[in-house]
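Peer 1: What follows is the file start_36.cif, containing mmCIF, C-alpha atoms:
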data_target
loop_
_atom_site.label_atom_id
_atom_site.label_comp_id
_atom_site.auth_asym_id
_atom_site.auth_seq_id
_atom_site.Cartn_x
_atom_site.Cartn_y
_atom_site.Cartn_z
CA SER A 1 1.41 12.54 -4.58
CA ASP A 2 2.13 10.93 -1.20
CA HIS A 3 4.02 8.10 -2.91
CA TYR A 4 6.72 10.45 -4.18
CA LEU A 5 6.83 12.37 -0.92
CA MET A 6 7.29 9.17 1.03
CA GLY A 7 10.30 8.06 -1.02
CA GLY A 8 9.13 5.84 -3.85
CA ARG A 9 11.41 4.24 -6.44
CA SER A 10 11.59 7.51 -8.35
CA VAL A 11 13.89 9.01 -5.70
CA SER A 12 16.26 5.99 -5.69
CA PRO A 13 16.06 4.84 -2.07
CA ASN A 14 18.46 2.25 -0.69
CA PHE A 15 15.53 0.25 0.68
CA LEU A 16 11.77 0.37 0.20
CA PHE A 17 9.54 -1.52 2.63
CA ALA A 18 5.80 -1.43 3.20
CA TRP A 19 3.44 -2.31 6.00
CA PRO A 20 0.78 -5.00 5.31
CA ASN A 21 -2.10 -2.51 5.24
CA ALA A 22 -0.38 0.06 2.98
CA HIS A 23 -1.64 0.98 -0.49
CA VAL A 24 0.64 2.37 -3.17
CA ALA A 25 -1.23 4.40 -5.75
CA ILE A 26 -1.48 7.93 -7.07
CA MET A 27 -4.91 8.31 -5.45
CA GLU A 28 -7.65 6.30 -3.78
CA PRO A 29 -8.65 3.38 -6.05
CA ASP A 30 -12.35 4.37 -6.14
CA LYS A 31 -11.56 7.98 -7.11
CA LEU A 32 -9.01 6.82 -9.67
CA ALA A 33 -11.57 4.45 -11.21
CA GLN A 34 -14.08 7.29 -11.53
CA THR A 35 -11.45 9.54 -13.11
CA ILE A 36 -10.44 6.86 -15.63
CA ILE A 37 -14.05 6.19 -16.57
CA GLN A 38 -14.75 9.90 -17.07
CA GLU A 39 -11.66 10.27 -19.27
CA ARG A 40 -12.43 7.20 -21.39
CA SER A 41 -16.10 7.99 -21.86
CA SER A 42 -15.38 11.60 -22.86
CA LYS A 43 -12.72 10.52 -25.39
CA ASP A 44 -14.25 7.57 -27.19
CA GLY A 45 -17.55 6.81 -25.50
CA THR A 46 -16.30 3.46 -24.19
CA ASP A 47 -18.25 2.00 -21.30
CA VAL A 48 -16.14 0.60 -18.49
CA ASP A 49 -17.57 -1.21 -15.48
CA LEU A 50 -16.83 1.01 -12.47
CA LYS A 51 -17.04 -1.84 -9.97
CA LYS A 52 -14.65 -4.13 -11.91
CA LEU A 53 -12.16 -1.32 -12.46
CA SER A 54 -12.32 -0.27 -8.81
CA ILE A 55 -11.68 -3.85 -7.63
CA LYS A 56 -8.76 -4.20 -10.06
CA LEU A 57 -7.18 -0.93 -8.88
CA GLN A 58 -7.76 -1.87 -5.22
CA ARG A 59 -5.99 -5.20 -5.77
CA GLU A 60 -3.10 -3.66 -7.73
CA SER A 61 -2.45 -0.97 -5.12
CA SER A 62 -2.06 -3.49 -2.29
CA THR A 63 1.26 -4.18 -0.64
CA ILE A 64 1.12 -7.87 -1.53
CA PHE A 65 0.67 -7.08 -5.23
CA GLY A 66 3.74 -4.84 -5.11
CA ALA A 67 5.82 -7.37 -3.20
CA THR A 68 5.01 -10.19 -5.62
CA ARG A 69 6.21 -8.03 -8.49
CA ILE A 70 9.32 -6.89 -6.60
CA LEU A 71 8.14 -3.27 -6.50
CA ASN A 72 9.31 -3.06 -2.89
CA ASP A 73 11.93 -4.82 -0.80
CA GLY A 74 9.41 -6.58 1.37
CA ILE A 75 6.52 -6.31 3.77
CA ILE A 76 7.36 -5.63 7.39
CA LEU A 77 5.10 -5.69 10.42
CA PRO A 78 4.62 -2.29 12.08
CA GLN A 79 6.06 -3.59 15.37
CA GLU A 80 9.24 -4.65 13.50
CA THR A 81 9.79 -1.23 11.90
CA ARG A 82 12.46 -0.02 14.34
CA LYS A 83 14.40 -3.26 14.08
CA VAL A 84 14.33 -3.26 10.26
CA LEU A 85 15.19 0.44 10.10
CA SER A 86 18.14 -0.14 12.42
CA GLN A 87 19.39 -3.00 10.25
CA CYS A 88 19.03 -0.91 7.09
CA LEU A 89 20.92 2.02 8.60
CA ALA A 90 23.72 -0.34 9.66
CA ILE A 91 23.91 -1.73 6.12
CA CYS A 92 24.00 1.77 4.62
CA GLN A 93 26.73 2.78 7.06
CA ALA A 94 28.84 -0.29 6.26
CA TYR A 95 28.54 0.13 2.51
CA ARG A 96 28.76 3.90 2.28
CA PRO A 97 30.38 4.88 -1.02
CA LYS A 98 33.89 6.15 -0.63
CA LYS A 99 34.57 9.66 -1.79
CA GLU A 100 36.49 9.87 -4.99
CA GLN A 101 40.08 10.98 -4.48
CA HIS A 102 41.14 13.93 -6.57
CA TYR A 103 44.89 13.97 -6.75
CA PRO A 104 46.55 17.08 -8.11
CA VAL A 105 48.50 16.90 -11.32
CA PHE A 106 52.22 17.35 -10.70
CA ARG A 107 54.20 18.80 -13.56
CA MET A 108 57.91 18.21 -13.68
#
Any chance you could put this one into structure tokens?

Peer 2:
Amino acid sequence: SDHYLMGGRSVSPNFLFAWPNAHVAIMEPDKLAQTIIQERSSKDGTDVDLKKLSIKLQRESSTIFGATRILNDGIILPQETRKVLSQCLAICQAYRPKKEQHYPVFRM
């Protein structure tokens, strides 16, 4: 999935930002809705409204939905990307974890 390839929470990024027009989902909401309906109807014969499910998935894959549930660190404008990236790199550089010191054991 593109989400994992782009560095989602599963790969433990230091920061995770999104543009206003981004969608975070495992696939397009309409295709996902069709897949869910096919799975449910084949298992238990339950009827699900395709349009309602598609709208719900479209809403839940939006950047604003993710930001309100703290699934990302914020929404940034595309023209601000370089500035935000520069700030994030500076923060990562300043707070880089120190390497653990391995002192040898001296026997006397």

Peer 1: Using only C-alpha atoms, find the one residue out of A:Ser61, A:Phe17, A:Lys98, A:Arg9 that sits nearest to A:Val84.

Peer 2: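 Looking only at the distances to A:Val84, the closest residue turns out to be A:Phe17.
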
Peer 1: Pull out every residue that the PyMOL selection byres ((chain A and resi 65) around 12) matches in the shown coordinates and put them as a VMD selection string.

Peer 2: chain A and resid 18 20 to 25 56 to 64 66 to 72 74 to 75

Peer 1: Nearest residue to A:Glu28 out of A:Ile55, A:Ile91, A:Leu16, A:Gly8, using all atoms listed in the file?

Peer 2: A:Ile55

Peer 1: Quote the spacing between atom CA of A:Arg82 and atom CA of A:Ser12 in Å to one decimal place.

Peer 2: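 Atom-to-atom, atom CA of A:Arg82 to atom CA of A:Ser12, that is 21.3 Å.
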
Peer 1: Please list as a list in words every residue within 12 Å of A:Val48, counting only C-alpha atoms and excluding residues in the same chain fewer than 3 positions away.

Peer 2: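 After dropping sequence-adjacent residues, the list is Ala33, Gln34, Thr35, Ile36, Ile37, Gln38, Glu39, Arg40, Ser41, Ser42, Asp44, Gly45, Lys51, Lys52, Leu53 and Ser54 of chain A.
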
Peer 1: Mind giving me the axis-aligned box for stretch 8-13 of chain A with 5 Å on every side, centre plus edges in Å to one decimal, as AutoDock Vina command-line options?

Peer 2:
--center_x 12.7 --center_y 6.6 --center_z -5.2 --size_x 17.1 --size_y 14.8 --size_z 16.3

Peer 1: Between atom CA of A:Ser10 and atom CA of A:Ile26, measure the distance and give it in Å to one decimal.

Peer 2: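 Separation between atom CA of A:Ser10 and atom CA of A:Ile26: 13.1 Å.
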
Peer 1: Using atom CA of A:Trp19 and atom CA of A:Ile76 as the two end points, give the distance in Å to one decimal.

Peer 2: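 Computing it gives 5.3 Å between the two atoms.
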